[in-house]
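Pasted below: final24.cif, mmCIF, C-alpha atoms.
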```
data_start
#
loop_
_atom_site.label_atom_id
_atom_site.label_comp_id
_atom_site.auth_asym_id
_atom_site.auth_seq_id
_atom_site.Cartn_x
_atom_site.Cartn_y
_atom_site.Cartn_z
CA MET A 1 11.58 8.79 10.54
CA LYS A 2 8.39 7.37 12.05
CA PRO A 3 5.93 6.36 9.30
CA SER A 4 2.58 8.08 9.09
CA GLU A 5 -0.30 7.96 6.65
CA GLY A 6 0.73 9.43 3.29
CA ASP A 7 4.45 8.68 3.65
CA VAL A 8 6.45 6.70 1.10
CA PHE A 9 9.54 4.52 1.60
CA TYR A 10 11.87 2.05 0.02
CA VAL A 11 11.53 -1.06 2.21
CA ARG A 12 13.84 -4.05 2.25
CA ALA A 13 13.65 -7.33 4.17
CA CYS A 14 16.42 -8.16 6.63
CA ASN A 15 15.76 -11.89 6.19
CA ARG A 16 18.21 -13.38 3.65
CA GLU A 17 15.73 -16.01 2.46
CA PHE A 18 13.18 -13.36 1.59
CA LEU A 19 15.84 -11.31 -0.20
CA GLU A 20 16.76 -14.30 -2.37
CA LYS A 21 13.34 -15.80 -2.96
CA GLY A 22 11.03 -12.81 -2.83
CA GLU A 23 10.49 -9.97 -5.27
CA SER A 24 11.79 -6.41 -4.91
CA GLY A 25 13.75 -6.89 -1.72
CA GLY A 26 11.28 -9.28 -0.08
CA ALA A 27 9.53 -6.58 1.96
CA VAL A 28 6.00 -7.96 1.59
CA ALA A 29 6.99 -11.41 2.89
CA ALA A 30 8.92 -9.84 5.76
CA LEU A 31 5.96 -7.66 6.78
CA LEU A 32 3.56 -10.61 6.65
CA LYS A 33 5.89 -12.73 8.77
CA PHE A 34 6.28 -9.95 11.33
CA ALA A 35 2.51 -9.45 11.51
CA LEU A 36 2.09 -13.14 12.32
CA GLU A 37 5.06 -13.40 14.71
CA SER A 38 4.06 -10.30 16.64
CA GLY A 39 0.48 -11.43 17.15
CA SER A 40 -0.94 -8.59 15.06
CA VAL A 41 -2.86 -11.25 13.10
CA ASP A 42 -3.87 -14.85 13.70
CA ALA A 43 -3.18 -16.04 10.16
CA VAL A 44 -1.91 -15.00 6.73
CA LEU A 45 -3.87 -15.79 3.58
CA GLY A 46 -1.50 -16.20 0.65
CA VAL A 47 -0.91 -17.91 -2.65
CA LYS A 48 1.79 -20.49 -3.28
CA LYS A 49 2.97 -22.38 -6.33
CA GLY A 50 1.28 -25.73 -6.71
CA ALA A 51 2.36 -28.25 -9.35
CA ASP A 52 3.98 -25.50 -11.47
CA ILE A 53 3.93 -21.74 -12.09
CA TYR A 54 0.46 -22.04 -13.68
CA ASP A 55 -1.07 -23.56 -10.56
CA ALA A 56 -1.80 -20.87 -7.95
CA VAL A 57 -2.95 -22.46 -4.69
CA PRO A 58 -4.48 -20.48 -1.80
CA VAL A 59 -3.05 -21.29 1.63
CA LEU A 60 -3.86 -20.14 5.16
CA ILE A 61 -0.65 -19.86 7.19
CA THR A 62 -0.43 -19.79 10.99
CA ASP A 63 3.27 -20.75 11.28
CA PRO A 64 5.57 -17.76 10.52
CA GLU A 65 8.24 -20.15 9.17
CA GLU A 66 5.91 -21.06 6.30
CA ILE A 67 5.68 -17.51 4.94
CA SER A 68 8.57 -18.23 2.55
CA GLU A 69 6.19 -20.56 0.66
CA ILE A 70 4.26 -17.55 -0.64
CA SER A 71 7.30 -15.43 -1.61
CA GLY A 72 7.73 -14.49 -5.25
CA SER A 73 5.37 -13.73 -8.12
CA LEU A 74 2.72 -15.90 -9.76
CA HIS A 75 1.35 -13.89 -12.66
CA CYS A 76 -0.03 -17.00 -14.38
CA GLY A 77 -2.41 -17.84 -11.55
CA THR A 78 -5.77 -16.06 -11.58
CA LEU A 79 -7.23 -16.49 -8.10
CA LEU A 80 -9.49 -13.88 -6.53
CA LEU A 81 -8.69 -13.92 -2.83
CA SER A 82 -11.53 -11.70 -1.62
CA ARG A 83 -14.16 -14.36 -2.23
CA LEU A 84 -12.26 -16.83 -0.04
CA PHE A 85 -12.83 -14.60 2.99
CA SER A 86 -16.59 -14.94 2.74
CA SER A 87 -16.72 -18.52 1.45
CA TYR A 88 -14.22 -20.22 3.75
CA LEU A 89 -13.07 -17.83 6.48
CA GLU A 90 -16.43 -16.72 7.88
CA GLY A 91 -15.80 -13.15 6.79
CA ALA A 92 -12.89 -12.78 9.23
CA GLU A 93 -15.52 -12.44 11.93
CA GLY A 94 -13.45 -14.11 14.63
CA LEU A 95 -10.06 -14.29 12.95
CA ARG A 96 -7.54 -11.53 12.26
CA ILE A 97 -6.02 -12.12 8.84
CA ALA A 98 -3.24 -10.46 6.83
CA ALA A 99 -2.99 -10.84 3.07
CA ALA A 100 -1.09 -9.50 0.08
CA LEU A 101 -3.80 -8.40 -2.34
CA LYS A 102 -4.17 -7.25 -5.93
CA GLY A 103 -6.40 -4.31 -6.72
CA CYS A 104 -9.38 -6.52 -7.59
CA ASP A 105 -8.91 -8.44 -4.32
CA VAL A 106 -9.07 -5.20 -2.32
CA MET A 107 -12.11 -3.96 -4.25
CA GLY A 108 -13.82 -7.30 -3.65
CA LEU A 109 -13.23 -6.99 0.10
CA TYR A 110 -14.76 -3.52 0.12
CA GLU A 111 -17.86 -4.72 -1.72
CA LEU A 112 -18.23 -7.67 0.66
CA ALA A 113 -17.85 -5.35 3.65
CA LYS A 114 -20.65 -3.12 2.34
CA ARG A 115 -22.93 -6.15 2.34
CA GLY A 116 -22.01 -7.21 5.85
CA LYS A 117 -20.20 -10.30 4.57
CA LEU A 118 -16.93 -9.63 6.42
CA ARG A 119 -15.26 -7.53 9.12
CA LEU A 120 -12.84 -5.31 7.27
CA GLU A 121 -11.25 -4.14 10.53
CA ASN A 122 -10.00 -7.70 11.10
CA ILE A 123 -8.10 -7.74 7.80
CA LEU A 124 -4.61 -6.30 7.36
CA MET A 125 -4.28 -5.47 3.66
CA LEU A 126 -0.94 -5.24 1.88
CA GLY A 127 -1.89 -4.01 -1.57
CA LEU A 128 0.25 -5.03 -4.52
CA ASN A 129 0.93 -2.85 -7.56
CA CYS A 130 -0.57 -4.90 -10.38
CA GLY A 131 -0.33 -4.56 -14.12
CA GLY A 132 -2.38 -7.71 -14.63
CA SER A 133 -2.26 -11.50 -14.68
CA ILE A 134 -2.21 -14.08 -17.48
CA SER A 135 -4.51 -17.08 -17.67
CA PRO A 136 -2.67 -20.43 -17.40
CA GLU A 137 -3.88 -21.57 -20.84
CA THR A 138 -2.75 -18.36 -22.54
CA ALA A 139 0.60 -18.45 -20.73
CA ARG A 140 1.34 -21.99 -21.88
CA GLU A 141 0.36 -21.21 -25.45
CA MET A 142 2.36 -17.98 -25.44
CA LEU A 143 5.51 -19.63 -24.12
CA ALA A 144 5.37 -22.46 -26.63
CA GLU A 145 4.50 -20.38 -29.70
CA LYS A 146 6.06 -16.98 -29.05
CA PHE A 147 8.99 -17.80 -26.75
CA SER A 148 9.71 -21.24 -28.30
CA VAL A 149 10.05 -22.52 -24.74
CA ASP A 150 8.67 -25.69 -23.20
CA PRO A 151 6.07 -24.33 -20.71
CA ASP A 152 6.94 -27.09 -18.23
CA SER A 153 10.59 -26.01 -18.18
CA VAL A 154 9.83 -22.54 -16.80
CA LYS A 155 10.91 -22.25 -13.17
CA LYS A 156 10.15 -18.60 -12.52
CA GLU A 157 8.41 -15.67 -14.20
CA ARG A 158 8.00 -11.97 -13.58
CA ILE A 159 6.74 -8.80 -15.24
CA SER A 160 9.23 -5.95 -15.10
CA LYS A 161 9.68 -2.73 -17.07
CA GLY A 162 6.96 -3.63 -19.53
CA LYS A 163 8.34 -7.10 -20.27
CA PHE A 164 7.22 -10.63 -19.46
CA ILE A 165 10.33 -12.50 -18.33
CA VAL A 166 10.76 -16.24 -17.76
CA GLU A 167 13.67 -18.25 -16.39
CA THR A 168 14.43 -21.77 -17.64
CA PRO A 169 17.42 -24.13 -17.34
CA GLU A 170 18.48 -22.84 -20.78
CA GLY A 171 18.48 -19.20 -19.69
CA GLU A 172 16.25 -16.15 -19.41
CA PHE A 173 13.79 -15.11 -22.12
CA SER A 174 11.64 -12.00 -22.41
CA PHE A 175 9.26 -10.13 -24.70
CA PRO A 176 7.60 -6.69 -24.41
CA MET A 177 4.04 -7.06 -23.11
CA ASP A 178 2.61 -4.70 -25.72
CA GLU A 179 4.09 -6.84 -28.49
CA LEU A 180 2.63 -9.99 -26.94
CA GLU A 181 -0.80 -8.42 -26.61
CA GLU A 182 -0.82 -7.16 -30.16
CA GLU A 183 -0.49 -10.81 -31.18
CA GLY A 184 -3.32 -11.99 -28.93
CA TYR A 185 -1.26 -13.13 -25.93
CA GLY A 186 -0.48 -11.37 -22.68
CA ARG A 187 -2.77 -10.28 -19.88
CA ARG A 188 -6.37 -11.25 -19.29
CA SER A 189 -8.75 -8.82 -21.00
CA ASN A 190 -10.24 -7.55 -17.73
CA CYS A 191 -6.72 -6.84 -16.42
CA ARG A 192 -5.96 -4.79 -19.51
CA ARG A 193 -9.06 -2.66 -18.83
CA CYS A 194 -8.38 -2.23 -15.09
CA MET A 195 -7.92 1.36 -13.87
CA LEU A 196 -6.69 0.43 -10.39
CA LYS A 197 -2.98 -0.25 -10.65
CA ILE A 198 -1.94 0.84 -7.14
CA PRO A 199 -4.53 -0.26 -4.53
CA ARG A 200 -4.35 2.63 -2.09
CA GLN A 201 -7.51 1.36 -0.33
CA ALA A 202 -5.19 -1.13 1.38
CA ASP A 203 -3.21 -0.38 4.55
CA LEU A 204 0.07 -0.40 2.62
CA ALA A 205 0.51 -0.21 -1.16
CA CYS A 206 3.59 -2.16 -2.23
CA GLY A 207 5.45 -2.73 -5.50
CA GLU A 208 8.57 -2.13 -7.55
CA TRP A 209 7.43 0.92 -9.52
CA GLY A 210 9.65 3.86 -8.60
CA VAL A 211 12.51 1.92 -7.03
CA MET A 212 15.92 3.18 -8.19
CA GLY A 213 19.48 2.34 -7.20
CA THR A 214 18.61 -0.51 -4.84
CA GLU A 215 16.67 -3.75 -4.59
CA ALA A 216 13.68 -2.83 -2.47
CA THR A 217 9.90 -2.44 -2.41
CA PHE A 218 8.27 0.93 -2.88
CA VAL A 219 5.74 1.23 -0.04
CA GLU A 220 3.02 3.85 0.33
CA VAL A 221 1.50 4.15 3.80
CA CYS A 222 -2.26 4.34 3.30
CA SER A 223 -3.69 3.95 6.82
CA VAL A 224 -2.84 4.31 10.48
CA LYS A 225 -2.84 0.51 10.73
CA GLY A 226 -0.31 0.31 7.91
CA ALA A 227 1.91 2.95 9.51
CA GLU A 228 1.92 1.07 12.81
CA LEU A 229 2.82 -2.23 11.14
CA LEU A 230 5.71 -0.68 9.22
CA GLU A 231 7.07 1.11 12.29
CA ARG A 232 6.93 -1.98 14.49
CA ALA A 233 8.47 -4.18 11.78
CA LYS A 234 11.32 -1.70 11.36
CA THR A 235 11.91 -1.45 15.13
CA SER A 236 12.01 -5.26 15.42
CA GLY A 237 14.67 -5.53 12.71
CA SER A 238 12.39 -7.33 10.25
CA VAL A 239 12.74 -4.60 7.60
CA GLU A 240 14.85 -1.55 6.92
CA THR A 241 13.57 1.62 5.29
CA THR A 242 15.04 4.51 3.33
CA LEU A 243 13.46 7.49 1.62
CA PRO A 244 12.84 7.22 -2.13
CA VAL A 245 15.01 9.23 -4.48
CA PRO A 246 13.12 12.13 -6.13
CA LYS A 247 13.63 10.62 -9.59
CA GLY A 248 11.98 7.42 -8.37
CA LEU A 249 8.87 9.32 -7.34
CA GLU A 250 8.70 10.90 -10.78
CA ILE A 251 9.14 7.55 -12.53
CA ARG A 252 6.50 5.89 -10.35
CA GLU A 253 3.96 8.54 -11.28
CA LYS A 254 4.79 8.19 -14.97
CA ILE A 255 4.49 4.39 -14.90
CA GLU A 256 1.13 4.54 -13.17
CA GLN A 257 -0.21 7.14 -15.59
CA SER A 258 1.08 5.20 -18.58
CA MET A 259 -0.69 2.06 -17.32
CA LEU A 260 -3.92 4.00 -16.80
CA ASN A 261 -3.72 5.47 -20.29
CA LEU A 262 -3.20 2.00 -21.73
CA ALA A 263 -6.19 0.69 -19.75
CA ALA A 264 -8.36 3.50 -21.09
CA ASP A 265 -7.32 2.59 -24.65
CA TRP A 266 -8.21 -1.08 -24.05
CA ARG A 267 -11.60 -0.08 -22.65
CA LYS A 268 -12.35 1.97 -25.73
CA LYS A 269 -11.25 -0.83 -28.04
CA ASP A 270 -13.14 -3.60 -26.20
CA PHE A 271 -16.35 -1.65 -25.67
CA MET A 272 -16.46 -0.37 -29.24
CA ALA A 273 -16.23 -3.97 -30.47
CA LEU A 274 -19.51 -4.69 -28.66
CA GLY A 275 -21.39 -2.28 -30.88
CA GLU A 276 -24.26 -0.10 -29.71
CA GLY A 277 -28.01 -0.31 -29.26
CA LYS A 278 -29.69 -3.25 -30.96
CA ALA A 279 -26.37 -4.55 -32.31
CA ARG A 280 -24.96 -4.83 -28.79
CA LEU A 281 -28.13 -6.44 -27.48
CA GLN A 282 -28.06 -9.02 -30.25
CA LYS A 283 -24.43 -9.79 -29.47
CA LEU A 284 -25.34 -10.40 -25.83
CA VAL A 285 -28.24 -12.66 -26.80
CA ASP A 286 -26.07 -14.65 -29.22
CA GLU A 287 -23.15 -15.11 -26.82
CA THR A 288 -25.27 -16.04 -23.79
CA SER A 289 -27.25 -18.59 -25.83
CA ARG A 290 -24.43 -21.06 -25.04
CA CYS A 291 -25.19 -20.88 -21.30
CA ILE A 292 -25.70 -24.22 -19.55
CA LYS A 293 -26.94 -22.58 -16.34
CA CYS A 294 -24.11 -23.91 -14.14
CA TYR A 295 -24.37 -20.77 -11.95
CA THR A 296 -20.56 -20.38 -11.81
CA CYS A 297 -20.82 -16.70 -12.78
CA ILE A 298 -22.98 -16.15 -9.70
CA GLU A 299 -20.99 -18.29 -7.28
CA VAL A 300 -17.63 -16.61 -8.02
CA CYS A 301 -18.88 -13.01 -8.01
CA PRO A 302 -17.90 -11.13 -4.79
CA PRO A 303 -20.98 -8.83 -4.76
CA LEU A 304 -23.22 -11.90 -5.09
CA ALA A 305 -21.52 -13.80 -2.24
CA GLY A 306 -24.06 -15.98 -0.50
CA ALA A 307 -26.73 -15.40 -3.14
CA ASN A 308 -29.34 -18.13 -3.47
CA VAL A 309 -29.32 -19.38 -7.04
CA SER A 310 -33.08 -19.93 -6.76
CA ASP A 311 -33.37 -16.13 -6.83
CA PHE A 312 -32.25 -16.32 -10.44
CA THR A 313 -34.89 -18.83 -11.50
CA VAL A 314 -36.82 -17.19 -14.32
CA ASP A 315 -37.52 -20.32 -16.33
CA ALA A 316 -38.93 -23.77 -15.78
CA PRO A 317 -36.49 -26.03 -13.88
CA GLY A 318 -33.94 -27.71 -16.14
CA LYS A 319 -34.44 -25.34 -19.08
CA VAL A 320 -31.13 -24.99 -20.94
CA PRO A 321 -30.14 -22.60 -22.25
CA PRO A 322 -32.02 -20.24 -19.94
CA SER A 323 -33.90 -17.32 -21.38
CA PHE A 324 -32.05 -14.05 -21.76
CA ALA A 325 -33.96 -12.81 -18.72
CA PHE A 326 -31.66 -14.97 -16.55
CA HIS A 327 -28.67 -12.94 -17.72
CA THR A 328 -30.36 -9.55 -17.57
CA LEU A 329 -31.33 -10.26 -13.95
CA ARG A 330 -27.72 -11.08 -13.03
CA TYR A 331 -26.39 -8.07 -14.93
CA SER A 332 -28.89 -5.83 -13.12
CA LEU A 333 -27.98 -7.14 -9.68
CA VAL A 334 -24.25 -6.53 -10.20
CA ALA A 335 -24.43 -3.40 -12.36
CA ASP A 336 -23.57 -0.99 -9.54
CA SER A 337 -20.96 -3.21 -7.87
CA CYS A 338 -18.92 -4.93 -10.60
CA ILE A 339 -15.19 -4.69 -9.79
CA ASN A 340 -14.02 -6.09 -13.15
CA CYS A 341 -12.27 -9.04 -11.48
CA GLY A 342 -12.99 -11.21 -14.53
CA GLN A 343 -13.90 -14.35 -12.59
CA CYS A 344 -17.31 -14.74 -14.25
CA GLU A 345 -15.56 -14.95 -17.61
CA GLU A 346 -12.40 -16.75 -16.53
CA LEU A 347 -14.35 -19.68 -15.05
CA CYS A 348 -17.25 -19.87 -17.51
CA PRO A 349 -17.16 -23.38 -19.08
CA MET A 350 -18.83 -22.05 -22.24
CA ASP A 351 -16.39 -19.15 -22.81
CA ILE A 352 -19.09 -16.49 -22.61
CA PRO A 353 -17.43 -13.04 -22.33
CA ASN A 354 -19.37 -12.23 -19.17
CA ALA A 355 -16.78 -9.85 -17.73
CA LEU A 356 -16.73 -7.77 -20.90
CA PHE A 357 -20.50 -7.37 -20.92
CA MET A 358 -20.70 -6.71 -17.19
CA HIS A 359 -17.82 -4.24 -17.20
CA SER A 360 -19.27 -2.26 -20.08
CA PHE A 361 -22.52 -1.82 -18.13
CA ALA A 362 -20.66 -0.91 -14.95
CA VAL A 363 -18.56 1.75 -16.69
CA GLU A 364 -21.67 3.35 -18.17
CA LEU A 365 -23.18 3.58 -14.68
CA GLN A 366 -19.92 4.97 -13.30
CA GLU A 367 -19.94 7.72 -15.90
CA LEU A 368 -23.62 8.42 -15.28
CA TYR A 369 -23.56 8.56 -11.48
CA GLY A 370 -19.89 9.12 -10.61
CA TYR A 371 -19.86 6.05 -8.38
CA ARG A 372 -17.08 3.43 -8.63
CA ALA A 373 -17.45 0.09 -6.93
CA GLY A 374 -14.74 -1.09 -4.54
CA GLU A 375 -12.99 2.25 -4.11
CA ASP A 376 -14.37 3.00 -0.64
CA LEU A 377 -17.18 1.98 1.71
CA SER A 378 -19.74 4.40 0.30
CA VAL A 379 -22.84 3.00 -1.39
CA PRO A 380 -24.61 4.21 -4.54
CA LYS A 381 -26.98 7.11 -4.02
CA VAL A 382 -29.39 5.43 -6.42
CA ALA A 383 -31.54 2.56 -5.15
CA PRO A 384 -29.66 -0.74 -5.67
CA MET A 385 -31.46 -3.17 -7.94
CA GLU A 386 -31.46 -5.92 -5.30
CA VAL A 387 -33.44 -3.67 -2.92
CA PHE A 388 -35.86 -2.89 -5.72
CA LEU A 389 -36.50 -6.57 -6.40
CA ARG A 390 -36.76 -7.51 -2.71
CA GLU A 391 -39.34 -4.84 -2.00
CA LYS A 392 -41.27 -5.73 -5.10
CA GLU A 393 -41.46 -9.36 -3.93
CA GLN A 394 -42.85 -8.13 -0.61
CA GLY A 395 -45.59 -6.25 -2.41
CA LYS A 396 -44.14 -2.85 -1.57
CA GLU A 397 -43.74 0.06 -3.92
CA PRO A 398 -39.93 0.22 -4.33
CA GLU A 399 -38.33 3.49 -3.36
CA LYS A 400 -37.03 5.23 -6.43
CA SER A 401 -34.00 7.49 -6.42
CA GLY A 402 -32.01 9.31 -9.06
CA LYS A 403 -32.50 7.90 -12.55
CA TRP A 404 -33.35 4.35 -11.51
#
```
Before anything else, please render the file you have as structure tokens.
Amino acid sequence: MKPSEGDVFYVRACNREFLEKGESGGAVAALLKFALESGSVDAVLGVKKGADIYDAVPVLITDPEEISEISGSLHCGTLLLSRLFSSYLEGAEGLRIAAALKGCDVMGLYELAKRGKLRLENILMLGLNCGGSISPETAREMLAEKFSVDPDSVKKERISKGKFIVETPEGEFSFPMDELEEEGYGRRSNCRRCMLKIPRQADLACGEWGVMGTEATFVEVCSVKGAELLERAKTSGSVETTLPVPKGLEIREKIEQSMLNLAADWRKKDFMALGEGKARLQKLVDETSRCIKCYTCIEVCPPLAGANVSDFTVDAPGKVPPSFAFHTLRYSLVADSCINCGQCEELCPMDIPNALFMHSFAVELQELYGYRAGEDLSVPKVAPMEVFLREKEQGKEPEKSGKW
């Protein structure tokens, strides 16, 4: 059966190394290698293990034989790949790149494309089903205290069927994720709130949810480009495909819905803890008062890629902490484009819960206007705040639209 957009398959690598080292039949690694070997792309952007499983290192691969370096899972690394395209790869302007991407990575690419920061047509996206990642610090603490395992002894980890599983020389250990999270461990808070578990904005959406009776990857064909890649890889003997069993389709749908329901519960819990009205505002003022104005929250944010930090100068040079206006300006500029990637919080040296604040604002705007950042290439129908500020600087009367 020739793949076409909307089709679903079980896909399995024909390469023995990928079958042994990769996850779920090694299909993603096999497809990336074929894309590079066939000349469909010039390079593959991936993530490999650095010093240990907590050290996720980005790597740009041009030699197909090196694809095995990025096989397998790294749930304890928290990189956002989309920003690397604009910061180091010139927006894929003159380079065709393939990458295996989480939902937040794909959303980040869409937001960058809207701003003219990259050529989306030069990027081959293999989306990965994602239930979330775990920060390296939390993972180490969790393994030592909950698993009673030396974190440095862990050779491999994975999340499967609602459990976090690690392999050590002493054997395999696992705990249910919901139990871990009830005790303050588990996934990053932004991952728990994420409502994009299967990134169908990619060319192919790949994962293990719905696979039954075989070791393979469940692949949804989401674009013509994805269909062509899968067909050519199959014809070349790089992968083999079979049709999913009906029960697998049913299970996949149930898993996705269960994850979305859980995310909705986490949103309610996290946002309620912020309070409302003046109480929420005071919480924001108190938390951001620790800011040292390092600008990390701006530099790692995909929608703010290339932003000049001088645009955020609302105080006298060197004033620390900055006034609350510094934070309200940043929140305003990202309010309609936050993808809940969590980088602004993950990398904040003062542990300010930036992602929680930003995400709460973004969700309120989503509910108000029905617009969700990163889902497609459409732009908000309301006037973006950055346009408002730019025109105001130029002495123009900013165009107003909707409720802005």
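The space separating CA of Ser258 in chain A from CA of Lys197 in chain A comes to 10.4 Å.
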The PyMOL selection byres ((chain A and resi 297) around 9) applied to the shown file, residues as an mmCIF file with C-alpha atoms, in the frame of the given file:
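So the final result, stored in result-v8.cif, reads:
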```cif
data_model
loop_
_atom_site.group_PDB
_atom_site.id
_atom_site.type_symbol
_atom_site.label_atom_id
_atom_site.label_comp_id
_atom_site.auth_asym_id
_atom_site.auth_seq_id
_atom_site.Cartn_x
_atom_site.Cartn_y
_atom_site.Cartn_z
ATOM 1 C CA CYS A 294 -24.110 -23.910 -14.140
ATOM 2 C CA TYR A 295 -24.370 -20.770 -11.950
ATOM 3 C CA THR A 296 -20.560 -20.380 -11.810
ATOM 4 C CA ILE A 298 -22.980 -16.150 -9.700
ATOM 5 C CA GLU A 299 -20.990 -18.290 -7.280
ATOM 6 C CA VAL A 300 -17.630 -16.610 -8.020
ATOM 7 C CA CYS A 301 -18.880 -13.010 -8.010
ATOM 8 C CA ARG A 330 -27.720 -11.080 -13.030
ATOM 9 C CA GLN A 343 -13.900 -14.350 -12.590
ATOM 10 C CA CYS A 344 -17.310 -14.740 -14.250
ATOM 11 C CA GLU A 345 -15.560 -14.950 -17.610
ATOM 12 C CA LEU A 347 -14.350 -19.680 -15.050
ATOM 13 C CA CYS A 348 -17.250 -19.870 -17.510
ATOM 14 C CA ASN A 354 -19.370 -12.230 -19.170
#
```
Residues in the PyMOL selection byres ((chain A and resi 313) around 12), expressed as a PyMOL selection string: chain A and resi 293+295+308-312+314-320+322-330
Please, could you write that set of residues out with C-alpha atoms as a short mmCIF file (atom, residue, chain, number, x, y, z; two decimals), keeping the file's coordinate frame?
```
data_model
loop_
_atom_site.label_atom_id
_atom_site.label_comp_id
_atom_site.auth_asym_id
_atom_site.auth_seq_id
_atom_site.Cartn_x
_atom_site.Cartn_y
_atom_site.Cartn_z
CA LYS A 293 -26.94 -22.58 -16.34
CA TYR A 295 -24.37 -20.77 -11.95
CA ASN A 308 -29.34 -18.13 -3.47
CA VAL A 309 -29.32 -19.38 -7.04
CA SER A 310 -33.08 -19.93 -6.76
CA ASP A 311 -33.37 -16.13 -6.83
CA PHE A 312 -32.25 -16.32 -10.44
CA VAL A 314 -36.82 -17.19 -14.32
CA ASP A 315 -37.52 -20.32 -16.33
CA ALA A 316 -38.93 -23.77 -15.78
CA PRO A 317 -36.49 -26.03 -13.88
CA GLY A 318 -33.94 -27.71 -16.14
CA LYS A 319 -34.44 -25.34 -19.08
CA VAL A 320 -31.13 -24.99 -20.94
CA PRO A 322 -32.02 -20.24 -19.94
CA SER A 323 -33.90 -17.32 -21.38
CA PHE A 324 -32.05 -14.05 -21.76
CA ALA A 325 -33.96 -12.81 -18.72
CA PHE A 326 -31.66 -14.97 -16.55
CA HIS A 327 -28.67 -12.94 -17.72
CA THR A 328 -30.36 -9.55 -17.57
CA LEU A 329 -31.33 -10.26 -13.95
CA ARG A 330 -27.72 -11.08 -13.03
#
```
Output check: residues returned by the PyMOL selection byres ((chain A and resi 121) around 10), as a VMD selection string: chain A and resid 92 to 93 96 to 97 113 118 to 120 122 to 125 225
Pick from A:Ser337, A:Asn129, A:Gln366, A:Gln257 nearest to Lys114 in chain A, counting all atoms listed in the file: A:Ser337
CA of Gly108 in chain A to CA of Glu364 in chain A, straight-line distance in Å: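 Interatomic distance here is 19.6 Å.
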Shortest interatomic distance to Pro58 in chain A - which of A:Leu45, A:Gly91, A:Pro199, A:Thr78, counting all atoms listed in the file: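 Using all atoms listed in the file, Pro58 in chain A sits closest to A:Leu45.
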Residue with smallest distance to Tyr185 in chain A - pool A:Leu126, A:Val221, A:Ile251, A:Ile134, counting all atoms listed in the file: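 Comparing A:Leu126, A:Val221, A:Ile251, A:Ile134 against Tyr185 in chain A, the winner is A:Ile134.
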Could you write out as JSON the box around range 282-289 of chain A (axis-aligned, all atoms listed in the file, 3 Å on each side), with centre and edge lengths in Å to one decimal?
```
{"center_x": -25.7, "center_y": -13.8, "center_z": -27.0, "size_x": 11.1, "size_y": 15.6, "size_z": 12.5}
```
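Our summary of the geometry notes that CA of Tyr369 in chain A is positioned 23.8 Å from CA of Leu284 in chain A.
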Neighbours of point (15.7, 6.3, 5.2) within 12 Å, using all atoms listed in the file, written as a list in words: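 With a cut-off of 12 Å, the residues come to Met1, Lys2, Pro3, Asp7, Val8, Phe9, Tyr10, Val11, Arg12, Lys234, Val239, Glu240, Thr241, Thr242, Leu243, Pro244 and Val245 of chain A.
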Go ahead and write the residues just picked, C-alpha atoms, as a PDB file, keeping the file's coordinate frame.
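This is the output file selection.pdb:
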```pdb
ATOM      1  CA  MET A   1      11.580   8.790  10.540  1.00  0.00           C
ATOM      2  CA  LYS A   2       8.390   7.370  12.050  1.00  0.00           C
ATOM      3  CA  PRO A   3       5.930   6.360   9.300  1.00  0.00           C
ATOM      4  CA  ASP A   7       4.450   8.680   3.650  1.00  0.00           C
ATOM      5  CA  VAL A   8       6.450   6.700   1.100  1.00  0.00           C
ATOM      6  CA  PHE A   9       9.540   4.520   1.600  1.00  0.00           C
ATOM      7  CA  TYR A  10      11.870   2.050   0.020  1.00  0.00           C
ATOM      8  CA  VAL A  11      11.530  -1.060   2.210  1.00  0.00           C
ATOM      9  CA  ARG A  12      13.840  -4.050   2.250  1.00  0.00           C
ATOM     10  CA  LYS A 234      11.320  -1.700  11.360  1.00  0.00           C
ATOM     11  CA  VAL A 239      12.740  -4.600   7.600  1.00  0.00           C
ATOM     12  CA  GLU A 240      14.850  -1.550   6.920  1.00  0.00           C
ATOM     13  CA  THR A 241      13.570   1.620   5.290  1.00  0.00           C
ATOM     14  CA  THR A 242      15.040   4.510   3.330  1.00  0.00           C
ATOM     15  CA  LEU A 243      13.460   7.490   1.620  1.00  0.00           C
ATOM     16  CA  PRO A 244      12.840   7.220  -2.130  1.00  0.00           C
ATOM     17  CA  VAL A 245      15.010   9.230  -4.480  1.00  0.00           C
TER      18      VAL A 245
END
```
Spatial neighbours of Ala29 in chain A, max dist 12 Å, all atoms listed in the file, sep filter under 4 positions, as a PyMOL selection string: chain A and resi 11-25+33-36+44-47+64-73+98-100+126+128+206+217+233+238-239
Selected residue, from A:Glu179, A:Arg280, A:Leu89, A:Cys76, that lies nearest to Glu141 in chain A when counting all atoms listed in the file: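 The answer is A:Cys76, which sits nearest to Glu141 in chain A.
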Option closest in space to Ala202 in chain A, from A:Cys291, A:Leu101, A:Arg140, A:Gly342 [counting only C-alpha atoms]: A:Leu101
Residue nearest Asp55 in chain A - candidates A:Gly77, A:Gly26, A:Gly171, A:Gly131, atoms counted: only C-alpha atoms: A:Gly77
